[in-house]
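S.K.: Here it is, the structure, as structure tokens.
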Amino acid sequence: MAVLGSPAGHSLSPVLHTAAYAALGLTWWRYEAIECDEAGLPALLDRCGPEWAGLSLTMPLKRAVLPLLDRIEPLVTEVGGANTVVFAAAQRLGYNTDVPGMVRALAEQGIGAGRATAPSSPAGPALILGGGATACAALAALRDLGERSVTAAVRDAARAGDLVSAAARLGMTVTLRPFEPDSLAGPRLVISTVPAGAAELVAQIFARLVPAPAAVFDVVYHPWPTPLAAAAAAAGAIVVGGLELLLYQAALQVELITGRPAPVDEMRRAGQAELIRRAAGQGGP
């Protein structure tokens, strides 16, 4: 097993998967981070022999892998990206665990079924920050939680074609807005799929958003809290962090690849310990 991406060295996935395999008694299993870009992906997949059970994929490979797969689940088609490859019966099977991972992370905080947190929540549509592959996964997660109309704040509408296409496949309406303060007022839920620095504009004006969002989901997990998460917490919003997304999508990968229930508690403890270690300056970025 491995996580592929560029960059990949910062990924927390090896910590989570290694903890899972240890808890399941699969002590001979290994999981590593491998630097791989789109150009190198076909050759790397060809080198994966029968000793490989599967792969995790991060950017920029979630879309690039699609033509290299033998079969994909319907959700992959809807979202337009796969983050998981399972090797089975000499085939490459593609899955997306980002979407159900988001759904679980949000649902655990009472966010779903067409509401953010409570009847008193703002009435505006959910707001997604960003227009990339993770934003497409966020669209699908919101669909599964009962949303049908979503706003997306993007820095370049001309590059948001994949998001618009995903919305059409998902049976949703997405309204594109510029990444500006006037476009950000009124959502009951904000899902940030952009790097921490890119979301600082929202963090800076969070206290002035009227009405303020009831909940914020920031997919970044390190460093934590992000400026957006800190501003949201200070304003009394429910905050969901990227560790929960990474945890639940990884747990689903473990289940797909091993056929066993994932030891979520052990995975969470390992992830939290590693983030504390990194925050103390003892680990990587």
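Just remember, in the structure tokens the first chain shown is A, the second B, etc., residues are 1-based per chain, and ligands are 1-based in the order shown.
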At a cut-off of 10 Å, using only C-alpha atoms, what residues contact Leu16 of chain A? Leave out same-chain residues fewer than 6 positions from it and give the result as a short mmCIF file (atom, residue, chain, number, x, y, z; two decimals) with all heavy atoms, in the first residue's frame.
M.R.:
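Below you can see part31.cif, which holds the result:
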```cif
data_model
loop_
_atom_site.label_atom_id
_atom_site.label_comp_id
_atom_site.auth_asym_id
_atom_site.auth_seq_id
_atom_site.Cartn_x
_atom_site.Cartn_y
_atom_site.Cartn_z
N TYR A 31 2.85 0.51 4.36
CA TYR A 31 2.19 1.65 3.70
C TYR A 31 3.18 2.80 3.69
O TYR A 31 3.71 3.17 4.74
CB TYR A 31 0.92 2.03 4.45
CG TYR A 31 0.05 3.06 3.75
CD1 TYR A 31 -1.11 2.67 3.09
CD2 TYR A 31 0.36 4.41 3.77
CE1 TYR A 31 -1.93 3.59 2.45
CE2 TYR A 31 -0.44 5.35 3.13
CZ TYR A 31 -1.59 4.93 2.48
OH TYR A 31 -2.38 5.86 1.86
N LEU A 246 -9.74 13.07 6.79
CA LEU A 246 -8.66 12.14 6.47
C LEU A 246 -8.86 10.81 7.18
O LEU A 246 -8.64 9.74 6.61
CB LEU A 246 -7.31 12.75 6.85
CG LEU A 246 -6.08 12.00 6.35
CD1 LEU A 246 -5.97 12.11 4.83
CD2 LEU A 246 -4.81 12.53 7.00
N LEU A 247 -9.29 10.87 8.43
CA LEU A 247 -9.51 9.66 9.22
C LEU A 247 -10.58 8.77 8.59
O LEU A 247 -10.36 7.57 8.37
CB LEU A 247 -9.91 10.06 10.64
CG LEU A 247 -10.41 8.93 11.54
CD1 LEU A 247 -9.28 7.96 11.85
CD2 LEU A 247 -10.99 9.50 12.84
N ALA A 250 -9.73 7.37 5.15
CA ALA A 250 -8.72 6.31 5.30
C ALA A 250 -9.34 5.05 5.88
O ALA A 250 -8.98 3.93 5.48
CB ALA A 250 -7.58 6.80 6.19
N ALA A 251 -10.26 5.21 6.84
CA ALA A 251 -10.92 4.05 7.43
C ALA A 251 -11.69 3.26 6.36
O ALA A 251 -11.66 2.02 6.33
CB ALA A 251 -11.86 4.50 8.54
N VAL A 254 -9.22 1.31 4.31
CA VAL A 254 -8.79 0.10 5.02
C VAL A 254 -9.83 -1.00 4.87
O VAL A 254 -9.50 -2.17 4.62
CB VAL A 254 -8.56 0.43 6.51
CG1 VAL A 254 -8.39 -0.85 7.33
CG2 VAL A 254 -7.32 1.33 6.67
N PRO A 263 -10.22 0.03 12.55
CA PRO A 263 -10.07 0.41 13.96
C PRO A 263 -9.96 1.93 14.08
O PRO A 263 -8.87 2.48 14.25
CB PRO A 263 -8.79 -0.31 14.38
CG PRO A 263 -7.98 -0.35 13.12
CD PRO A 263 -8.96 -0.49 11.99
N VAL A 264 -11.08 2.63 13.98
CA VAL A 264 -11.09 4.08 13.87
C VAL A 264 -10.44 4.75 15.09
O VAL A 264 -9.70 5.72 14.96
CB VAL A 264 -12.52 4.60 13.66
CG1 VAL A 264 -12.57 6.13 13.70
CG2 VAL A 264 -13.07 4.09 12.33
N GLU A 266 -8.09 3.68 17.13
CA GLU A 266 -6.63 3.57 17.10
C GLU A 266 -6.04 4.47 16.03
O GLU A 266 -4.98 5.08 16.22
CB GLU A 266 -6.22 2.12 16.84
CG GLU A 266 -6.46 1.17 18.01
CD GLU A 266 -7.87 0.59 18.03
OE1 GLU A 266 -8.73 1.12 17.29
OE2 GLU A 266 -8.10 -0.38 18.77
N MET A 267 -6.72 4.58 14.90
CA MET A 267 -6.24 5.44 13.82
C MET A 267 -6.28 6.91 14.25
O MET A 267 -5.35 7.67 14.00
CB MET A 267 -7.09 5.23 12.57
CG MET A 267 -6.97 3.84 11.96
SD MET A 267 -8.19 3.50 10.65
CE MET A 267 -7.58 4.58 9.34
N ARG A 268 -7.37 7.30 14.92
CA ARG A 268 -7.48 8.69 15.38
C ARG A 268 -6.37 9.02 16.39
O ARG A 268 -5.74 10.08 16.30
CB ARG A 268 -8.84 8.94 16.00
CG ARG A 268 -8.98 10.38 16.54
CD ARG A 268 -10.29 10.64 17.24
NE ARG A 268 -11.37 10.85 16.28
CZ ARG A 268 -12.37 10.01 16.04
NH1 ARG A 268 -12.41 8.85 16.72
NH2 ARG A 268 -13.30 10.28 15.16
N ARG A 269 -6.15 8.13 17.33
CA ARG A 269 -5.11 8.40 18.34
C ARG A 269 -3.74 8.55 17.68
O ARG A 269 -2.95 9.43 18.05
CB ARG A 269 -5.08 7.28 19.39
CG ARG A 269 -6.20 7.37 20.41
CD ARG A 269 -5.94 6.47 21.60
NE ARG A 269 -6.02 5.06 21.25
CZ ARG A 269 -7.13 4.34 21.32
NH1 ARG A 269 -8.27 4.91 21.70
NH2 ARG A 269 -7.13 3.06 20.99
N ALA A 270 -3.44 7.70 16.71
CA ALA A 270 -2.15 7.79 16.03
C ALA A 270 -2.04 9.10 15.25
O ALA A 270 -0.99 9.75 15.27
CB ALA A 270 -1.98 6.60 15.09
N GLY A 271 -3.11 9.50 14.58
CA GLY A 271 -3.09 10.75 13.83
C GLY A 271 -2.93 11.96 14.72
O GLY A 271 -2.14 12.87 14.43
N GLN A 272 -3.65 11.98 15.83
CA GLN A 272 -3.55 13.10 16.76
C GLN A 272 -2.14 13.19 17.35
O GLN A 272 -1.58 14.29 17.48
CB GLN A 272 -4.58 12.94 17.87
CG GLN A 272 -6.01 13.16 17.42
CD GLN A 272 -7.04 12.81 18.47
OE1 GLN A 272 -6.76 12.02 19.38
NE2 GLN A 272 -8.23 13.38 18.37
N GLU A 274 0.65 12.18 16.00
CA GLU A 274 1.59 12.65 14.99
C GLU A 274 1.45 14.15 14.75
O GLU A 274 2.46 14.85 14.58
CB GLU A 274 1.36 11.88 13.68
CG GLU A 274 2.20 12.36 12.50
CD GLU A 274 3.70 12.23 12.72
OE1 GLU A 274 4.14 11.52 13.66
OE2 GLU A 274 4.46 12.87 11.94
#
```
S.K.: What residues in segment 6-236 of chain A get the DSSP label alpha helix (DSSP H)? Please answer as a ChimeraX atom specification.
M.R.: /A:13-23,41-47,61-64,74-79,98-107,133-144,161-170,200-205,227-234
S.K.: Pick out each residue of segment 19-235 of chain A that DSSP on the backbone tags as strand (DSSP E); I need them as a PyMOL selection string.
M.R.: chain A and resi 32-35+54-57+71-72+84-88+91-95+126-129+149-154+173-178+189-192+215-218
S.K.: Identify, on the basis of only C-alpha atoms, every residue whose closest approach to Pro178 of chain A does not exceed 8 Å; exclude the query and any residue fewer than 3 positions from it along the same chain; express the result as JSON, numbers by chain.
M.R.: {"A": [153, 154, 155, 156, 157, 183]}
S.K.: Restricted to N, CA and C atoms, what would the selected residues look like written as a compact mmCIF listing (two decimals), in the first residue's frame?
M.R.:
```txt
# COMPACT_ATOMS: atom_id res chain seq x y z
N ALA A 153 -17.33 29.72 -4.06
CA ALA A 153 -16.47 30.90 -4.25
C ALA A 153 -15.17 30.42 -4.86
N VAL A 154 -14.87 30.90 -6.07
CA VAL A 154 -13.69 30.45 -6.80
C VAL A 154 -12.89 31.66 -7.25
N ARG A 155 -11.59 31.46 -7.36
CA ARG A 155 -10.73 32.56 -7.78
C ARG A 155 -10.74 32.76 -9.29
N ASP A 156 -11.08 31.71 -10.04
CA ASP A 156 -11.10 31.82 -11.49
C ASP A 156 -12.24 30.95 -12.01
N ALA A 157 -13.35 31.59 -12.36
CA ALA A 157 -14.52 30.84 -12.81
C ALA A 157 -14.23 30.03 -14.07
N SER A 183 -19.28 38.23 -1.73
CA SER A 183 -19.84 36.96 -2.20
C SER A 183 -20.01 35.94 -1.09
```
S.K.: May I have the residues within 8 Å of segment 159-171 of chain A as a list in words, using only C-alpha atoms and disregarding those fewer than 6 positions away in the same chain?
M.R.: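 Near segment 159-171 of chain A, the qualifying residues are Glu78, Val79, Gly80, Gly131, Gly132, Ala133, Ala135, Cys136, Leu139, Ala140, Arg143 and Arg148 of chain A.
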S.K.: Any chance you could export the current selection's all heavy atoms as an mmCIF file, in the first residue's frame?
M.R.:
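New file out-v2.cif:
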```
data_model
loop_
_atom_site.group_PDB
_atom_site.id
_atom_site.type_symbol
_atom_site.label_atom_id
_atom_site.label_comp_id
_atom_site.auth_asym_id
_atom_site.auth_seq_id
_atom_site.Cartn_x
_atom_site.Cartn_y
_atom_site.Cartn_z
ATOM 1 N N GLU A 78 -19.664 10.275 -10.923
ATOM 2 C CA GLU A 78 -20.392 11.484 -10.535
ATOM 3 C C GLU A 78 -19.450 12.606 -10.119
ATOM 4 O O GLU A 78 -19.611 13.763 -10.510
ATOM 5 C CB GLU A 78 -21.351 11.167 -9.394
ATOM 6 C CG GLU A 78 -22.533 10.303 -9.786
ATOM 7 C CD GLU A 78 -23.455 10.040 -8.624
ATOM 8 O OE1 GLU A 78 -22.967 9.829 -7.491
ATOM 9 O OE2 GLU A 78 -24.678 10.047 -8.829
ATOM 10 N N VAL A 79 -18.458 12.257 -9.304
ATOM 11 C CA VAL A 79 -17.545 13.258 -8.760
ATOM 12 C C VAL A 79 -16.464 13.625 -9.772
ATOM 13 O O VAL A 79 -15.966 14.757 -9.787
ATOM 14 C CB VAL A 79 -16.911 12.747 -7.448
ATOM 15 C CG1 VAL A 79 -15.852 13.698 -6.933
ATOM 16 C CG2 VAL A 79 -17.988 12.542 -6.397
ATOM 17 N N GLY A 80 -16.093 12.669 -10.599
ATOM 18 C CA GLY A 80 -15.034 12.916 -11.569
ATOM 19 C C GLY A 80 -13.652 12.661 -11.013
ATOM 20 O O GLY A 80 -12.662 13.187 -11.550
ATOM 21 N N GLY A 131 -12.665 25.187 -6.218
ATOM 22 C CA GLY A 131 -13.340 24.529 -7.327
ATOM 23 C C GLY A 131 -12.636 23.300 -7.850
ATOM 24 O O GLY A 131 -12.918 22.848 -8.959
ATOM 25 N N GLY A 132 -11.734 22.713 -7.057
ATOM 26 C CA GLY A 132 -10.966 21.557 -7.504
ATOM 27 C C GLY A 132 -11.629 20.228 -7.187
ATOM 28 O O GLY A 132 -12.831 20.142 -6.926
ATOM 29 N N ALA A 133 -10.814 19.167 -7.168
ATOM 30 C CA ALA A 133 -11.341 17.817 -6.955
ATOM 31 C C ALA A 133 -11.990 17.662 -5.593
ATOM 32 O O ALA A 133 -13.020 16.985 -5.454
ATOM 33 C CB ALA A 133 -10.211 16.795 -7.121
ATOM 34 N N ALA A 135 -13.419 20.034 -3.898
ATOM 35 C CA ALA A 135 -14.686 20.758 -3.966
ATOM 36 C C ALA A 135 -15.766 19.900 -4.621
ATOM 37 O O ALA A 135 -16.932 19.928 -4.211
ATOM 38 C CB ALA A 135 -14.504 22.061 -4.723
ATOM 39 N N CYS A 136 -15.388 19.121 -5.631
ATOM 40 C CA CYS A 136 -16.349 18.215 -6.264
ATOM 41 C C CYS A 136 -16.827 17.154 -5.275
ATOM 42 O O CYS A 136 -18.013 16.804 -5.239
ATOM 43 C CB CYS A 136 -15.724 17.561 -7.488
ATOM 44 S SG CYS A 136 -15.365 18.695 -8.856
ATOM 45 N N LEU A 139 -19.323 18.737 -3.004
ATOM 46 C CA LEU A 139 -20.641 18.817 -3.649
ATOM 47 C C LEU A 139 -21.408 17.509 -3.451
ATOM 48 O O LEU A 139 -22.594 17.516 -3.095
ATOM 49 C CB LEU A 139 -20.471 19.059 -5.146
ATOM 50 C CG LEU A 139 -20.543 20.484 -5.695
ATOM 51 C CD1 LEU A 139 -20.396 20.442 -7.211
ATOM 52 C CD2 LEU A 139 -21.830 21.176 -5.312
ATOM 53 N N ALA A 140 -20.758 16.397 -3.711
ATOM 54 C CA ALA A 140 -21.415 15.101 -3.579
ATOM 55 C C ALA A 140 -21.813 14.828 -2.138
ATOM 56 O O ALA A 140 -22.890 14.274 -1.875
ATOM 57 C CB ALA A 140 -20.501 13.993 -4.102
ATOM 58 N N ARG A 143 -24.863 16.790 -1.436
ATOM 59 C CA ARG A 143 -25.999 16.119 -2.063
ATOM 60 C C ARG A 143 -26.513 14.990 -1.185
ATOM 61 O O ARG A 143 -27.710 14.834 -0.951
ATOM 62 C CB ARG A 143 -25.569 15.612 -3.447
ATOM 63 C CG ARG A 143 -26.695 15.059 -4.339
ATOM 64 C CD ARG A 143 -26.972 13.561 -4.095
ATOM 65 N NE ARG A 143 -25.818 12.712 -4.126
ATOM 66 C CZ ARG A 143 -25.370 12.087 -5.236
ATOM 67 N NH1 ARG A 143 -25.970 12.267 -6.392
ATOM 68 N NH2 ARG A 143 -24.323 11.266 -5.161
ATOM 69 N N ARG A 148 -29.448 20.627 -2.450
ATOM 70 C CA ARG A 148 -29.650 20.603 -3.900
ATOM 71 C C ARG A 148 -29.100 21.848 -4.580
ATOM 72 O O ARG A 148 -28.919 21.866 -5.794
ATOM 73 C CB ARG A 148 -31.146 20.451 -4.220
ATOM 74 C CG ARG A 148 -31.699 19.064 -3.881
ATOM 75 C CD ARG A 148 -31.016 17.989 -4.712
ATOM 76 N NE ARG A 148 -31.468 16.638 -4.365
ATOM 77 C CZ ARG A 148 -30.831 15.842 -3.530
ATOM 78 N NH1 ARG A 148 -29.717 16.271 -2.937
ATOM 79 N NH2 ARG A 148 -31.274 14.631 -3.274
#
```
S.K.: Would you pick out the contacts of segment 193-204 of chain A at 8 Å or less, using only C-alpha atoms, so that residues sharing its chain but fewer than 3 positions from it are not included, and give the list as a list in words?
M.R.: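 Those residues are Ile128, Leu129, Gly130, Gly131, Gly132, Thr134, Ala135, Glu180, Pro181, Leu184, Ala207, Asp218, Val219, Val220, Thr226, Pro227, Leu228, Ala229, Ala230, Ala231 and Ala232 of chain A.
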S.K.: Could you tell me how far atom CA of His222 of chain A lies from atom CA of Asp98 of chain A, in Å and to one decimal?
M.R.: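 Distance between the two atoms: 17.7 Å.
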S.K.: Please report the interatomic distance between atom CA of Ala53 of chain A and atom CA of Gly5 of chain A in Å with one decimal.
M.R.: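 Computing the Euclidean distance for atom CA of Ala53 of chain A and atom CA of Gly5 of chain A yields 17.6 Å.
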S.K.: What's the 10 Å shell around Ala8 of chain A, counting only C-alpha atoms, without same-chain residues fewer than 4 positions away, as an MDAnalysis selection string?
M.R.: chainID A and resid 2:4 12:13 32:37 57:59
S.K.: Which residues, written as a short mmCIF file (atom, residue, chain, number, x, y, z; two decimals) with all heavy atoms, in the first residue's frame, have at least one atom at most 10 Å from Pro125 of chain A, with only C-alpha atoms counted and residues fewer than 4 positions away on the same chain left out?
M.R.:
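Heads up, here's the output in result-v3.cif:
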```
data_model
loop_
_atom_site.label_atom_id
_atom_site.label_comp_id
_atom_site.auth_asym_id
_atom_site.auth_seq_id
_atom_site.Cartn_x
_atom_site.Cartn_y
_atom_site.Cartn_z
N GLY A 114 -30.32 18.68 5.13
CA GLY A 114 -30.81 19.97 4.71
C GLY A 114 -30.68 21.07 5.74
O GLY A 114 -31.24 22.15 5.58
N ARG A 115 -29.93 20.86 6.80
CA ARG A 115 -29.73 21.91 7.79
C ARG A 115 -28.28 21.88 8.24
O ARG A 115 -27.61 20.86 8.14
CB ARG A 115 -30.66 21.73 8.99
CG ARG A 115 -30.40 20.45 9.79
CD ARG A 115 -31.45 20.28 10.89
NE ARG A 115 -31.23 19.06 11.65
CZ ARG A 115 -30.46 18.99 12.72
NH1 ARG A 115 -29.82 20.05 13.16
NH2 ARG A 115 -30.30 17.85 13.38
N ALA A 116 -27.80 23.00 8.77
CA ALA A 116 -26.42 23.04 9.23
C ALA A 116 -26.34 22.48 10.63
O ALA A 116 -25.64 21.52 10.89
CB ALA A 116 -25.91 24.47 9.21
N GLU A 147 -28.70 18.53 0.35
CA GLU A 147 -28.62 19.82 -0.34
C GLU A 147 -28.87 19.63 -1.84
O GLU A 147 -28.49 18.62 -2.42
CB GLU A 147 -27.25 20.46 -0.13
CG GLU A 147 -26.90 20.72 1.33
CD GLU A 147 -27.73 21.82 1.95
OE1 GLU A 147 -28.23 22.68 1.19
OE2 GLU A 147 -27.90 21.82 3.17
N ARG A 148 -29.45 20.63 -2.45
CA ARG A 148 -29.65 20.60 -3.90
C ARG A 148 -29.10 21.85 -4.58
O ARG A 148 -28.92 21.87 -5.79
CB ARG A 148 -31.15 20.45 -4.22
CG ARG A 148 -31.70 19.06 -3.88
CD ARG A 148 -31.02 17.99 -4.71
NE ARG A 148 -31.47 16.64 -4.36
CZ ARG A 148 -30.83 15.84 -3.53
NH1 ARG A 148 -29.72 16.27 -2.94
NH2 ARG A 148 -31.27 14.63 -3.27
N SER A 149 -28.84 22.91 -3.81
CA SER A 149 -28.33 24.15 -4.37
C SER A 149 -27.17 24.62 -3.50
O SER A 149 -27.30 24.72 -2.27
CB SER A 149 -29.43 25.21 -4.40
OG SER A 149 -28.94 26.43 -4.92
N VAL A 150 -26.02 24.89 -4.13
CA VAL A 150 -24.79 25.23 -3.41
C VAL A 150 -24.13 26.41 -4.10
O VAL A 150 -24.22 26.57 -5.33
CB VAL A 150 -23.83 24.02 -3.38
CG1 VAL A 150 -22.49 24.39 -2.77
CG2 VAL A 150 -24.46 22.85 -2.62
N THR A 151 -23.48 27.26 -3.32
CA THR A 151 -22.67 28.34 -3.86
C THR A 151 -21.20 27.97 -3.73
O THR A 151 -20.79 27.37 -2.73
CB THR A 151 -22.93 29.66 -3.10
OG1 THR A 151 -24.31 30.02 -3.27
CG2 THR A 151 -22.05 30.78 -3.62
N ALA A 152 -20.40 28.30 -4.74
CA ALA A 152 -18.96 28.05 -4.69
C ALA A 152 -18.23 29.35 -4.96
O ALA A 152 -18.49 30.02 -5.97
CB ALA A 152 -18.55 26.99 -5.70
N VAL A 174 -25.07 24.67 -8.89
CA VAL A 174 -23.97 25.37 -8.24
C VAL A 174 -23.87 26.77 -8.82
O VAL A 174 -23.86 26.95 -10.04
CB VAL A 174 -22.63 24.61 -8.39
CG1 VAL A 174 -22.24 24.44 -9.85
CG2 VAL A 174 -21.53 25.30 -7.61
N THR A 175 -23.85 27.75 -7.95
CA THR A 175 -23.70 29.14 -8.35
C THR A 175 -22.29 29.59 -8.06
O THR A 175 -21.84 29.52 -6.90
CB THR A 175 -24.69 30.04 -7.58
OG1 THR A 175 -26.03 29.59 -7.84
CG2 THR A 175 -24.55 31.49 -8.02
N GLY A 186 -23.94 35.13 4.31
CA GLY A 186 -25.19 34.40 4.39
C GLY A 186 -25.19 32.90 4.39
O GLY A 186 -26.25 32.30 4.59
N PRO A 187 -24.06 32.17 4.18
CA PRO A 187 -24.16 30.71 4.17
C PRO A 187 -24.33 30.17 5.59
O PRO A 187 -23.83 30.74 6.55
CB PRO A 187 -22.81 30.27 3.60
CG PRO A 187 -21.87 31.34 4.02
CD PRO A 187 -22.67 32.62 3.94
N ARG A 188 -25.06 29.08 5.71
CA ARG A 188 -25.19 28.45 7.03
C ARG A 188 -24.04 27.47 7.28
O ARG A 188 -23.75 27.11 8.41
CB ARG A 188 -26.53 27.74 7.16
CG ARG A 188 -26.73 26.59 6.20
CD ARG A 188 -28.13 26.01 6.35
NE ARG A 188 -28.37 24.90 5.46
CZ ARG A 188 -28.70 25.03 4.18
NH1 ARG A 188 -28.79 26.24 3.66
NH2 ARG A 188 -28.91 23.98 3.44
N LEU A 189 -23.41 27.05 6.20
CA LEU A 189 -22.30 26.10 6.30
C LEU A 189 -21.24 26.49 5.28
O LEU A 189 -21.56 26.75 4.12
CB LEU A 189 -22.78 24.67 6.02
CG LEU A 189 -21.72 23.60 5.77
CD1 LEU A 189 -20.89 23.37 7.03
CD2 LEU A 189 -22.38 22.30 5.31
N VAL A 190 -19.98 26.54 5.72
CA VAL A 190 -18.85 26.80 4.82
C VAL A 190 -17.96 25.56 4.80
O VAL A 190 -17.58 25.04 5.85
CB VAL A 190 -18.02 28.02 5.29
CG1 VAL A 190 -16.77 28.18 4.42
CG2 VAL A 190 -18.86 29.29 5.23
#
```
S.K.: Report, in Å with one decimal, the straight-line distance from atom CA of Trp52 of chain A to atom CA of Ala82 of chain A.
M.R.: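 Going from atom CA of Trp52 of chain A over to atom CA of Ala82 of chain A, I get 17.7 Å.
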